[in-house]
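Okay, structure05.txt now, which holds compact mmCIF, C-alpha atoms:
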```
# COMPACT_ATOMS: atom_id res chain seq x y z
CA MET A 1193 12.61 -6.85 44.18
CA LYS A 1194 15.12 -5.55 41.63
CA PHE A 1195 13.89 -3.36 38.78
CA THR A 1196 15.19 -1.23 35.94
CA LYS A 1197 13.67 2.03 34.76
CA MET A 1198 13.94 2.55 30.98
CA HIS A 1199 12.42 4.84 28.38
CA GLY A 1200 11.88 5.15 24.66
CA CYS A 1201 11.44 8.78 23.58
CA GLY A 1202 10.40 9.70 27.13
CA ASN A 1203 7.77 6.93 27.36
CA ASP A 1204 9.10 5.44 30.62
CA TYR A 1205 8.32 2.12 32.28
CA VAL A 1206 9.61 0.08 35.17
CA TYR A 1207 10.93 -3.29 33.96
CA ILE A 1208 11.15 -6.41 36.10
CA ASN A 1209 13.07 -9.53 35.10
CA CYS A 1210 10.65 -12.37 35.84
CA PHE A 1211 13.35 -14.92 35.12
CA SER A 1212 14.62 -14.09 38.61
CA GLU A 1213 11.76 -12.20 40.30
CA THR A 1214 8.15 -13.10 41.12
CA VAL A 1215 5.37 -10.50 40.84
CA PRO A 1216 2.21 -11.83 42.55
CA ASP A 1217 -0.03 -8.79 41.86
CA PRO A 1218 1.24 -6.78 38.87
CA CYS A 1219 -1.91 -4.63 38.67
CA ALA A 1220 -1.40 -3.27 42.19
CA LEU A 1221 2.36 -2.99 41.69
CA ALA A 1222 1.88 -0.95 38.51
CA GLN A 1223 -0.24 1.59 40.37
CA ARG A 1224 2.22 1.77 43.25
CA ILE A 1225 5.42 2.23 41.27
CA SER A 1226 3.96 4.52 38.58
CA ASP A 1227 3.05 7.28 41.02
CA ARG A 1228 5.51 10.12 40.38
CA HIS A 1229 5.26 11.47 43.94
CA PHE A 1230 5.14 8.33 46.07
CA GLY A 1231 6.57 5.66 43.75
CA VAL A 1232 9.32 5.28 41.17
CA GLY A 1233 7.44 7.33 38.60
CA SER A 1234 6.58 5.84 35.22
CA ASP A 1235 3.88 5.34 32.61
CA GLY A 1236 3.45 1.77 33.83
CA LEU A 1237 5.03 -1.61 34.50
CA ILE A 1238 6.51 -4.15 32.07
CA LEU A 1239 7.34 -7.73 33.02
CA ILE A 1240 9.95 -9.68 31.02
CA LYS A 1241 9.07 -13.36 31.18
CA PRO A 1242 10.01 -16.74 29.67
CA SER A 1243 7.95 -17.81 26.65
CA ASP A 1244 7.25 -21.16 25.03
CA GLN A 1245 6.28 -19.39 21.78
CA ALA A 1246 9.02 -16.79 21.34
CA ASP A 1247 12.41 -15.84 22.76
CA PHE A 1248 10.74 -13.75 25.48
CA GLU A 1249 7.31 -12.66 26.66
CA MET A 1250 6.28 -9.12 27.61
CA ASP A 1251 3.38 -8.24 29.91
CA MET A 1252 2.51 -4.55 30.08
CA TYR A 1253 0.41 -2.70 32.69
CA ASN A 1254 -0.73 0.92 32.57
CA ALA A 1255 -0.32 3.36 35.41
CA ASP A 1256 -3.90 2.72 36.57
CA GLY A 1257 -3.25 -1.03 36.82
CA SER A 1258 -5.12 -2.01 33.66
CA GLN A 1259 -3.34 -4.41 31.32
CA GLY A 1260 -2.35 -3.28 27.85
CA ALA A 1261 -2.01 -5.50 24.81
CA MET A 1262 1.06 -3.89 23.28
CA CYS A 1263 3.57 -1.06 23.82
CA GLY A 1264 5.85 -0.04 20.97
CA ASN A 1265 8.31 1.96 23.05
CA GLY A 1266 8.18 -0.65 25.78
CA ILE A 1267 9.05 -3.57 23.54
CA ARG A 1268 12.15 -1.75 22.24
CA CYS A 1269 13.33 -1.40 25.83
CA VAL A 1270 12.61 -5.09 26.43
CA ALA A 1271 14.98 -5.83 23.55
CA LYS A 1272 17.65 -3.59 25.07
CA TYR A 1273 17.21 -5.14 28.50
CA VAL A 1274 17.53 -8.77 27.43
CA TYR A 1275 20.67 -8.01 25.38
CA ASP A 1276 22.39 -5.58 27.73
CA TYR A 1277 21.72 -7.72 30.82
CA GLY A 1278 22.91 -10.92 29.17
CA LEU A 1279 19.65 -12.82 28.69
CA THR A 1280 20.51 -13.20 24.99
CA ASP A 1281 23.39 -12.56 22.64
CA LYS A 1282 21.19 -12.46 19.53
CA THR A 1283 20.55 -9.23 17.63
CA GLU A 1284 17.33 -10.54 16.11
CA ILE A 1285 14.75 -11.73 18.63
CA SER A 1286 11.05 -12.47 18.97
CA VAL A 1287 8.83 -11.25 21.81
CA SER A 1288 5.38 -12.59 22.62
CA THR A 1289 2.78 -9.94 23.53
CA LYS A 1290 -0.97 -9.92 24.12
CA SER A 1291 -1.32 -8.75 20.50
CA GLY A 1292 0.85 -11.51 19.05
CA ILE A 1293 4.53 -12.25 18.48
CA LYS A 1294 6.68 -9.31 17.37
CA TYR A 1295 10.06 -9.56 15.66
CA LEU A 1296 12.83 -7.13 16.51
CA LYS A 1297 16.25 -6.19 15.11
CA LEU A 1298 18.76 -4.74 17.57
CA PHE A 1299 21.45 -2.20 16.65
CA THR A 1300 24.34 -1.96 19.09
CA GLU A 1301 26.96 0.65 19.93
CA ASN A 1302 29.91 -0.19 22.20
CA GLY A 1303 28.34 -3.50 23.16
CA LYS A 1304 24.96 -2.02 24.19
CA VAL A 1305 21.69 -1.71 22.28
CA ALA A 1306 21.16 1.87 21.09
CA ARG A 1307 18.11 1.52 18.83
CA VAL A 1308 15.69 -1.15 17.74
CA THR A 1309 13.52 -1.82 14.70
CA VAL A 1310 10.26 -3.61 15.45
CA ASN A 1311 8.07 -5.40 12.94
CA MET A 1312 4.76 -4.21 14.36
CA GLY A 1313 2.67 -6.37 12.02
CA ALA A 1314 -0.28 -5.36 9.89
CA PRO A 1315 -2.44 -2.38 10.84
CA ILE A 1316 -6.05 -3.26 11.65
CA LEU A 1317 -8.46 -0.93 9.86
CA SER A 1318 -11.73 -2.77 10.41
CA ALA A 1319 -13.92 -0.69 12.73
CA ALA A 1320 -15.34 -3.80 14.36
CA GLN A 1321 -11.90 -5.18 15.14
CA ILE A 1322 -10.33 -1.95 16.46
CA PRO A 1323 -13.06 -1.69 17.99
CA ILE A 1324 -15.04 1.43 17.06
CA LEU A 1325 -18.81 1.53 16.92
CA SER A 1326 -19.51 2.86 13.42
CA SER A 1327 -21.81 2.25 10.48
CA GLN A 1328 -18.72 2.28 8.23
CA GLU A 1329 -16.49 -0.73 7.64
CA GLN A 1330 -13.45 1.52 8.08
CA VAL A 1331 -13.26 4.79 9.97
CA ILE A 1332 -11.26 7.22 7.81
CA ALA A 1333 -11.72 10.96 8.39
CA GLU A 1334 -15.06 10.26 10.06
CA GLU A 1335 -16.69 13.08 12.02
CA ILE A 1336 -17.05 12.65 15.77
CA CYS A 1337 -18.53 15.03 18.35
CA VAL A 1338 -16.50 15.26 21.56
CA ALA A 1339 -17.24 17.73 24.37
CA GLY A 1340 -19.52 19.70 22.03
CA GLN A 1341 -16.89 20.09 19.32
CA ARG A 1342 -16.58 18.25 16.01
CA TYR A 1343 -13.39 16.49 15.00
CA GLU A 1344 -12.34 14.19 12.18
CA MET A 1345 -10.80 10.92 13.24
CA THR A 1346 -9.21 7.91 11.58
CA GLY A 1347 -9.29 4.60 13.43
CA VAL A 1348 -6.32 2.21 13.41
CA SER A 1349 -5.32 -0.65 15.70
CA MET A 1350 -1.70 -1.69 16.10
CA GLY A 1351 -2.54 -4.10 18.91
CA ASN A 1352 -4.15 -1.19 20.79
CA PRO A 1353 -7.06 0.92 19.50
CA HIS A 1354 -6.11 4.38 18.23
CA ALA A 1355 -8.03 7.42 17.04
CA VAL A 1356 -5.88 9.78 14.96
CA VAL A 1357 -7.23 13.35 15.01
CA PRO A 1358 -5.79 16.33 13.06
CA VAL A 1359 -5.62 19.65 14.94
CA ASP A 1360 -4.32 23.11 14.01
CA ASP A 1361 -2.02 23.61 16.99
CA VAL A 1362 -0.60 20.51 18.66
CA ASP A 1363 1.57 22.38 21.18
CA HIS A 1364 -1.28 24.37 22.72
CA PHE A 1365 -4.05 21.80 22.32
CA ASP A 1366 -5.94 21.24 25.61
CA ILE A 1367 -5.17 17.53 25.79
CA GLU A 1368 -5.84 17.31 29.54
CA GLN A 1369 -9.45 18.34 28.91
CA ILE A 1370 -10.18 16.67 25.56
CA GLY A 1371 -8.08 13.51 25.90
CA PRO A 1372 -10.27 11.86 28.58
CA GLN A 1373 -13.38 12.77 26.59
CA PHE A 1374 -12.06 10.75 23.65
CA GLU A 1375 -10.86 7.89 25.86
CA HIS A 1376 -14.31 7.39 27.38
CA HIS A 1377 -16.44 8.28 24.34
CA PRO A 1378 -19.26 5.72 23.89
CA CYS A 1379 -18.13 4.83 20.36
CA PHE A 1380 -15.00 3.20 21.83
CA PRO A 1381 -16.18 0.13 23.80
CA ASP A 1382 -12.64 -0.69 25.00
CA ARG A 1383 -11.64 2.97 25.42
CA VAL A 1384 -9.09 4.40 23.01
CA ASN A 1385 -5.67 6.00 22.69
CA THR A 1386 -5.96 9.33 20.89
CA GLU A 1387 -3.24 10.97 18.81
CA PHE A 1388 -3.65 14.68 18.07
CA VAL A 1389 -1.54 15.45 15.00
CA LYS A 1390 -0.32 18.20 12.72
CA VAL A 1391 1.31 17.41 9.37
CA LEU A 1392 4.53 19.41 8.96
CA ASP A 1393 5.47 18.21 5.47
CA ARG A 1394 5.03 15.20 3.19
CA HIS A 1395 7.30 13.05 5.39
CA THR A 1396 7.00 14.58 8.88
CA VAL A 1397 4.19 14.68 11.44
CA GLN A 1398 3.98 16.14 14.94
CA MET A 1399 1.83 14.41 17.55
CA ARG A 1400 0.74 14.36 21.17
CA VAL A 1401 -0.96 11.35 22.64
CA TRP A 1402 -3.53 10.65 25.33
CA GLU A 1403 -3.20 6.98 26.31
CA ARG A 1404 -6.05 5.06 27.89
CA GLY A 1405 -5.15 4.23 31.47
CA SER A 1406 -2.08 6.50 31.57
CA GLY A 1407 -3.10 9.98 30.37
CA GLU A 1408 -0.68 12.05 28.29
CA THR A 1409 2.64 10.34 27.73
CA TRP A 1410 5.72 11.73 26.02
CA ALA A 1411 5.63 9.03 23.36
CA CYS A 1412 3.58 6.08 22.16
CA GLY A 1413 5.06 3.59 19.71
CA THR A 1414 1.84 1.97 18.57
CA GLY A 1415 0.34 5.47 18.38
CA ALA A 1416 3.15 6.70 16.13
CA CYS A 1417 2.56 3.69 13.87
CA ALA A 1418 -1.16 4.42 13.77
CA VAL A 1419 -0.44 8.06 12.93
CA ALA A 1420 1.81 7.14 10.00
CA VAL A 1421 -0.81 4.71 8.64
CA ALA A 1422 -3.60 7.28 9.05
CA CYS A 1423 -1.57 10.03 7.36
CA ILE A 1424 -0.84 7.81 4.35
CA LEU A 1425 -4.47 6.65 4.15
CA ASN A 1426 -5.69 10.27 4.15
CA GLY A 1427 -3.07 11.39 1.64
CA TRP A 1428 -1.45 13.79 4.10
CA THR A 1429 2.00 12.20 3.69
CA ASP A 1430 3.67 10.13 0.99
CA ASP A 1431 4.19 6.39 1.08
CA GLY A 1432 7.48 5.32 2.61
CA GLU A 1433 9.17 6.43 5.81
CA VAL A 1434 7.38 8.94 8.01
CA THR A 1435 9.12 10.76 10.85
CA VAL A 1436 6.75 11.15 13.81
CA LYS A 1437 7.84 13.88 16.20
CA LEU A 1438 6.69 13.25 19.78
CA ARG A 1439 7.24 15.23 22.96
CA GLY A 1440 10.11 12.92 23.93
CA GLY A 1441 11.81 12.45 20.56
CA ASP A 1442 11.37 11.12 17.04
CA LEU A 1443 10.31 7.73 15.73
CA SER A 1444 10.77 6.52 12.15
CA ILE A 1445 7.76 4.59 10.84
CA ARG A 1446 7.61 2.75 7.53
CA TRP A 1447 4.42 1.12 6.28
CA ASP A 1448 5.33 -1.49 3.65
CA ARG A 1449 2.03 -1.58 1.80
CA THR A 1450 3.16 -4.45 -0.42
CA GLU A 1451 3.60 -6.75 2.58
CA ASN A 1452 1.14 -4.70 4.68
CA LEU A 1453 3.60 -4.53 7.58
CA VAL A 1454 4.56 -1.56 9.73
CA TYR A 1455 8.16 -1.12 10.89
CA MET A 1456 9.08 1.18 13.76
CA THR A 1457 12.66 2.30 14.55
CA GLY A 1458 13.64 4.27 17.61
CA PRO A 1459 15.91 4.54 20.65
CA ALA A 1460 15.88 2.53 23.88
CA ILE A 1461 17.54 4.00 26.97
CA THR A 1462 18.25 2.73 30.47
CA VAL A 1463 17.64 5.35 33.18
CA PHE A 1464 18.66 3.49 36.35
CA ASP A 1465 18.49 0.23 38.31
CA GLY A 1466 16.93 -0.01 41.74
CA GLU A 1467 15.23 -2.16 44.36
CA LEU A 1468 11.65 -2.08 45.63
CA LEU A 1469 11.46 -2.57 49.39
```
Please render this file's structure as structure tokens.
Amino acid sequence: MKFTKMHGCGNDYVYINCFSETVPDPCALAQRISDRHFGVGSDGLILIKPSDQADFEMDMYNADGSQGAMCGNGIRCVAKYVYDYGLTDKTEISVSTKSGIKYLKLFTENGKVARVTVNMGAPILSAAQIPILSSQEQVIAEEICVAGQRYEMTGVSMGNPHAVVPVDDVDHFDIEQIGPQFEHHPCFPDRVNTEFVKVLDRHTVQMRVWERGSGETWACGTGACAVAVACILNGWTDDGEVTVKLRGGDLSIRWDRTENLVYMTGPAITVFDGELL
């Protein structure tokens, strides 16, 4: 089985072209290939498939085998794959995901895709739809007790549920200890991705992310979008473009509040091709 390893800002996945390959058990395969000691090493598995609704379909699986609804860094790499490997010659494509159809614009350099802008759709702020168990209709700077400590969190869904939490020191925050406590907190019935953030200025935010099913990753596209939305909602940053600095690089996020659409722009990089035996 042929595969390609790709990453967006260090958020790496193994990609399989299901136009030519068959994957009978993607949950088990995701666990096998994601292991960084005994497998390829990745944050999960992404299948690129035919679609009767869009140009392509993307199925995404976390490192623990659970299926995710959406992956912002992953979908940019899907766009790069289908263009660079000749599945399309269009620079504007649509991709069907478990959280709906997303529309992407591809920017090329020397005949290859270098970066991609994704229309991520409207942010979901309703607590019930994220979902978060709360007495409030929206969760904005709401206090939560995790591992005996109180935090403020803002809930946003960009296809995946996110809790955005401000902290004083992102670099030295004990994410390995606190991240799982957020993920499995009883107020998140579907578990949650948690972004721990520090605002650097009115247009720049630093974040680390604990993703449900994968642990800490170097980047999270939907998480960066959720962070930008949360920062604007709380008045921490200005409207317009927000640069989100992740461990693996920077993403540019723009929330068009007139249309209520979030646009994410960032790189997509091929690491290597290989075969699974």
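With all atoms listed in the file as the basis for measurement, A:Thr1414 is the residue among A:Ile1293, A:Leu1325, A:Cys1337, A:Thr1414 that approaches Met1350 in chain A most closely.
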As a list in words, please: the residues near Lys1194 in chain A (cut-off 12 Å, all atoms listed in the file, same-chain neighbours under 6 positions excluded).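 In the requested format, the answer is Val1206, Tyr1207, Ile1208, Asn1209, Cys1210, Phe1211, Ser1212, Glu1213, Thr1214, Val1215, Leu1239, Phe1464, Asp1465, Gly1466, Glu1467, Leu1468 and Leu1469 of chain A.
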C-alpha atoms of the current selection, written as an mmCIF file, in the frame of the given file:
```cif
data_model
loop_
_atom_site.group_PDB
_atom_site.id
_atom_site.type_symbol
_atom_site.label_atom_id
_atom_site.label_comp_id
_atom_site.auth_asym_id
_atom_site.auth_seq_id
_atom_site.Cartn_x
_atom_site.Cartn_y
_atom_site.Cartn_z
ATOM 1 C CA VAL A 1206 9.610 0.080 35.170
ATOM 2 C CA TYR A 1207 10.930 -3.290 33.960
ATOM 3 C CA ILE A 1208 11.150 -6.410 36.100
ATOM 4 C CA ASN A 1209 13.070 -9.530 35.100
ATOM 5 C CA CYS A 1210 10.650 -12.370 35.840
ATOM 6 C CA PHE A 1211 13.350 -14.920 35.120
ATOM 7 C CA SER A 1212 14.620 -14.090 38.610
ATOM 8 C CA GLU A 1213 11.760 -12.200 40.300
ATOM 9 C CA THR A 1214 8.150 -13.100 41.120
ATOM 10 C CA VAL A 1215 5.370 -10.500 40.840
ATOM 11 C CA LEU A 1239 7.340 -7.730 33.020
ATOM 12 C CA PHE A 1464 18.660 3.490 36.350
ATOM 13 C CA ASP A 1465 18.490 0.230 38.310
ATOM 14 C CA GLY A 1466 16.930 -0.010 41.740
ATOM 15 C CA GLU A 1467 15.230 -2.160 44.360
ATOM 16 C CA LEU A 1468 11.650 -2.080 45.630
ATOM 17 C CA LEU A 1469 11.460 -2.570 49.390
#
```
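When all atoms listed in the file are used to compute distances to His1395 in chain A, the closest of the residues A:Ala1420, A:Met1312, A:Met1252, A:Ile1336 turns out to be A:Ala1420.
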List as a list in words the protein and nucleic acid residues near Asp1247 in chain A, meaning an atom at most 7 Å away when all atoms listed in the file are counted, but skip any in the same chain fewer than 4 places from it.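 Once the nearby chain positions are removed, what remains is Ser1243, Ile1285, Ser1286 and Val1287 of chain A.
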If I take CA of Ser1406 in chain A and CA of Ala1418 in chain A, how far is one from the other in Å, to one decimal?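 We find that CA of Ser1406 in chain A and CA of Ala1418 in chain A lie 17.9 Å from each other.
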Taking all atoms listed in the file into account, name the residue in A:Ile1461, A:Ile1238, A:Ile1322, A:Val1331 that is nearest to Asn1385 in chain A.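 Closest to Asn1385 in chain A of all the choices is A:Ile1322.
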Any chance you could tabulate, as a Markdown table, the residues of range 1282-1329 of chain A at most 12 Å from range 1366-1378 of chain A with each one's nearest atom pair and distance in Å to one decimal, using all atoms listed in the file, in chain and rising number order?
```
| residue | atom | partner | partner_atom | distance |
| --- | --- | --- | --- | --- |
| A:Pro1323 | CA | A:Pro1378 | CA | 11.3 |
| A:Ile1324 | CA | A:Pro1378 | CA | 9.1 |
| A:Leu1325 | CA | A:Pro1378 | CA | 8.1 |
| A:Ser1326 | CA | A:Pro1378 | CA | 10.9 |
```
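Coordinates place CA of Gly1266 in chain A at a distance of 14.9 Å from CA of Tyr1455 in chain A.
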Just the residues within 12 Å of Tyr1295 in chain A, please, counting only C-alpha atoms, with nothing from its chain fewer than 6 positions along; format it as a list in words. Ala1246, Asp1247, Phe1248, Glu1249, Gly1264, Ile1267, Arg1268, Val1270, Ala1271, Thr1283, Glu1284, Ile1285, Ser1286, Val1287, Ser1288, Thr1289, Val1308, Thr1309, Val1310, Asn1311, Met1312, Gly1313, Leu1453, Val1454, Tyr1455 and Met1456 of chain A
For Ile1424 in chain A, which residue out of A:Trp1447, A:Trp1410, A:Trp1402, A:Phe1365 is the nearest one, using only C-alpha atoms?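 Going through A:Trp1447, A:Trp1410, A:Trp1402, A:Phe1365 one by one, the smallest distance to Ile1424 in chain A is for A:Trp1447.
Restricting the calculation to all atoms listed in the file, the smallest distance between Asn1426 in chain A and any of A:Val1389, A:Val1357, A:Ile1332, A:Leu1443 is found for A:Ile1332.
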Near Cys1269 in chain A, counting all atoms listed in the file, which residues have an atom at most 8 Å away, once you skip same-chain residues fewer than 5 positions from it, shown as a PDB file with C-alpha atoms, in the frame of the given file?
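As written to disk, part11.pdb reads:
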```
ATOM      1  CA  MET A1198      13.940   2.550  30.980  1.00  0.00           C
ATOM      2  CA  HIS A1199      12.420   4.840  28.380  1.00  0.00           C
ATOM      3  CA  GLY A1200      11.880   5.150  24.660  1.00  0.00           C
ATOM      4  CA  ALA A1460      15.880   2.530  23.880  1.00  0.00           C
ATOM      5  CA  ILE A1461      17.540   4.000  26.970  1.00  0.00           C
ATOM      6  CA  THR A1462      18.250   2.730  30.470  1.00  0.00           C
TER       7      THR A1462
END
```
Residues within 9 Å of Arg1439 in chain A, please, as a list in words. Count only C-alpha atoms; anything in the same chain fewer than 5 positions from it doesn't count.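 Close residues of Arg1439 in chain A: Cys1201, Gly1202, Gln1398, Met1399, Arg1400, Thr1409, Trp1410 and Ala1411 of chain A.
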Can you spit out the residues from that selection as a short mmCIF file (atom, residue, chain, number, x, y, z; two decimals), keeping the file's coordinate frame, using C-alpha atoms?
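And here's part19.cif as it stands now:
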```cif
data_model
loop_
_atom_site.label_atom_id
_atom_site.label_comp_id
_atom_site.auth_asym_id
_atom_site.auth_seq_id
_atom_site.Cartn_x
_atom_site.Cartn_y
_atom_site.Cartn_z
CA CYS A 1201 11.44 8.78 23.58
CA GLY A 1202 10.40 9.70 27.13
CA GLN A 1398 3.98 16.14 14.94
CA MET A 1399 1.83 14.41 17.55
CA ARG A 1400 0.74 14.36 21.17
CA THR A 1409 2.64 10.34 27.73
CA TRP A 1410 5.72 11.73 26.02
CA ALA A 1411 5.63 9.03 23.36
#
```
Taking only N, CA and C atoms, show range 1338-1356 of chain A of the given structure as a PDB file, in the first residue's frame.
```pdb
ATOM      1  N   VAL A1338     -10.434  22.308  36.715  1.00  0.00           N
ATOM      2  CA  VAL A1338      -9.765  21.146  36.139  1.00  0.00           C
ATOM      3  C   VAL A1338      -8.571  20.795  37.017  1.00  0.00           C
ATOM      4  N   ALA A1339      -8.537  19.554  37.483  1.00  0.00           N
ATOM      5  CA  ALA A1339      -7.440  19.068  38.327  1.00  0.00           C
ATOM      6  C   ALA A1339      -7.212  19.988  39.523  1.00  0.00           C
ATOM      7  N   GLY A1340      -8.314  20.491  40.116  1.00  0.00           N
ATOM      8  CA  GLY A1340      -8.235  21.316  41.301  1.00  0.00           C
ATOM      9  C   GLY A1340      -7.846  22.757  41.065  1.00  0.00           C
ATOM     10  N   GLN A1341      -7.727  23.158  39.798  1.00  0.00           N
ATOM     11  CA  GLN A1341      -7.343  24.527  39.478  1.00  0.00           C
ATOM     12  C   GLN A1341      -8.417  25.168  38.601  1.00  0.00           C
ATOM     13  N   ARG A1342      -8.623  26.461  38.773  1.00  0.00           N
ATOM     14  CA  ARG A1342      -9.656  27.163  38.009  1.00  0.00           C
ATOM     15  C   ARG A1342      -9.057  27.858  36.783  1.00  0.00           C
ATOM     16  N   TYR A1343      -9.763  27.679  35.665  1.00  0.00           N
ATOM     17  CA  TYR A1343      -9.364  28.295  34.410  1.00  0.00           C
ATOM     18  C   TYR A1343     -10.589  29.005  33.817  1.00  0.00           C
ATOM     19  N   GLU A1344     -10.329  29.922  32.902  1.00  0.00           N
ATOM     20  CA  GLU A1344     -11.390  30.496  32.090  1.00  0.00           C
ATOM     21  C   GLU A1344     -11.313  29.876  30.703  1.00  0.00           C
ATOM     22  N   MET A1345     -12.455  29.495  30.167  1.00  0.00           N
ATOM     23  CA  MET A1345     -12.428  28.902  28.835  1.00  0.00           C
ATOM     24  C   MET A1345     -13.520  29.519  27.962  1.00  0.00           C
ATOM     25  N   THR A1346     -13.246  29.528  26.669  1.00  0.00           N
ATOM     26  CA  THR A1346     -14.218  29.938  25.666  1.00  0.00           C
ATOM     27  C   THR A1346     -14.409  28.771  24.704  1.00  0.00           C
ATOM     28  N   GLY A1347     -15.663  28.393  24.486  1.00  0.00           N
ATOM     29  CA  GLY A1347     -15.969  27.246  23.642  1.00  0.00           C
ATOM     30  C   GLY A1347     -16.303  27.650  22.217  1.00  0.00           C
ATOM     31  N   VAL A1348     -15.662  26.986  21.253  1.00  0.00           N
ATOM     32  CA  VAL A1348     -15.906  27.220  19.830  1.00  0.00           C
ATOM     33  C   VAL A1348     -15.802  25.875  19.114  1.00  0.00           C
ATOM     34  N   SER A1349     -16.681  25.630  18.161  1.00  0.00           N
ATOM     35  CA  SER A1349     -16.522  24.482  17.279  1.00  0.00           C
ATOM     36  C   SER A1349     -16.247  24.967  15.872  1.00  0.00           C
ATOM     37  N   MET A1350     -15.232  24.370  15.249  1.00  0.00           N
ATOM     38  CA  MET A1350     -14.952  24.592  13.837  1.00  0.00           C
ATOM     39  C   MET A1350     -15.038  23.255  13.104  1.00  0.00           C
ATOM     40  N   GLY A1351     -16.061  22.476  13.465  1.00  0.00           N
ATOM     41  CA  GLY A1351     -16.173  21.099  12.993  1.00  0.00           C
ATOM     42  C   GLY A1351     -15.735  20.125  14.057  1.00  0.00           C
ATOM     43  N   ASN A1352     -14.812  20.559  14.922  1.00  0.00           N
ATOM     44  CA  ASN A1352     -14.387  19.831  16.114  1.00  0.00           C
ATOM     45  C   ASN A1352     -14.611  20.733  17.320  1.00  0.00           C
ATOM     46  N   PRO A1353     -14.911  20.172  18.487  1.00  0.00           N
ATOM     47  CA  PRO A1353     -15.091  21.009  19.685  1.00  0.00           C
ATOM     48  C   PRO A1353     -13.758  21.505  20.239  1.00  0.00           C
ATOM     49  N   HIS A1354     -13.719  22.792  20.603  1.00  0.00           N
ATOM     50  CA  HIS A1354     -12.500  23.387  21.135  1.00  0.00           C
ATOM     51  C   HIS A1354     -12.807  24.184  22.393  1.00  0.00           C
ATOM     52  N   ALA A1355     -11.884  24.106  23.352  1.00  0.00           N
ATOM     53  CA  ALA A1355     -11.906  24.955  24.537  1.00  0.00           C
ATOM     54  C   ALA A1355     -10.644  25.799  24.511  1.00  0.00           C
ATOM     55  N   VAL A1356     -10.800  27.116  24.428  1.00  0.00           N
ATOM     56  CA  VAL A1356      -9.671  28.036  24.355  1.00  0.00           C
ATOM     57  C   VAL A1356      -9.436  28.604  25.753  1.00  0.00           C
TER      58      VAL A1356
END
```
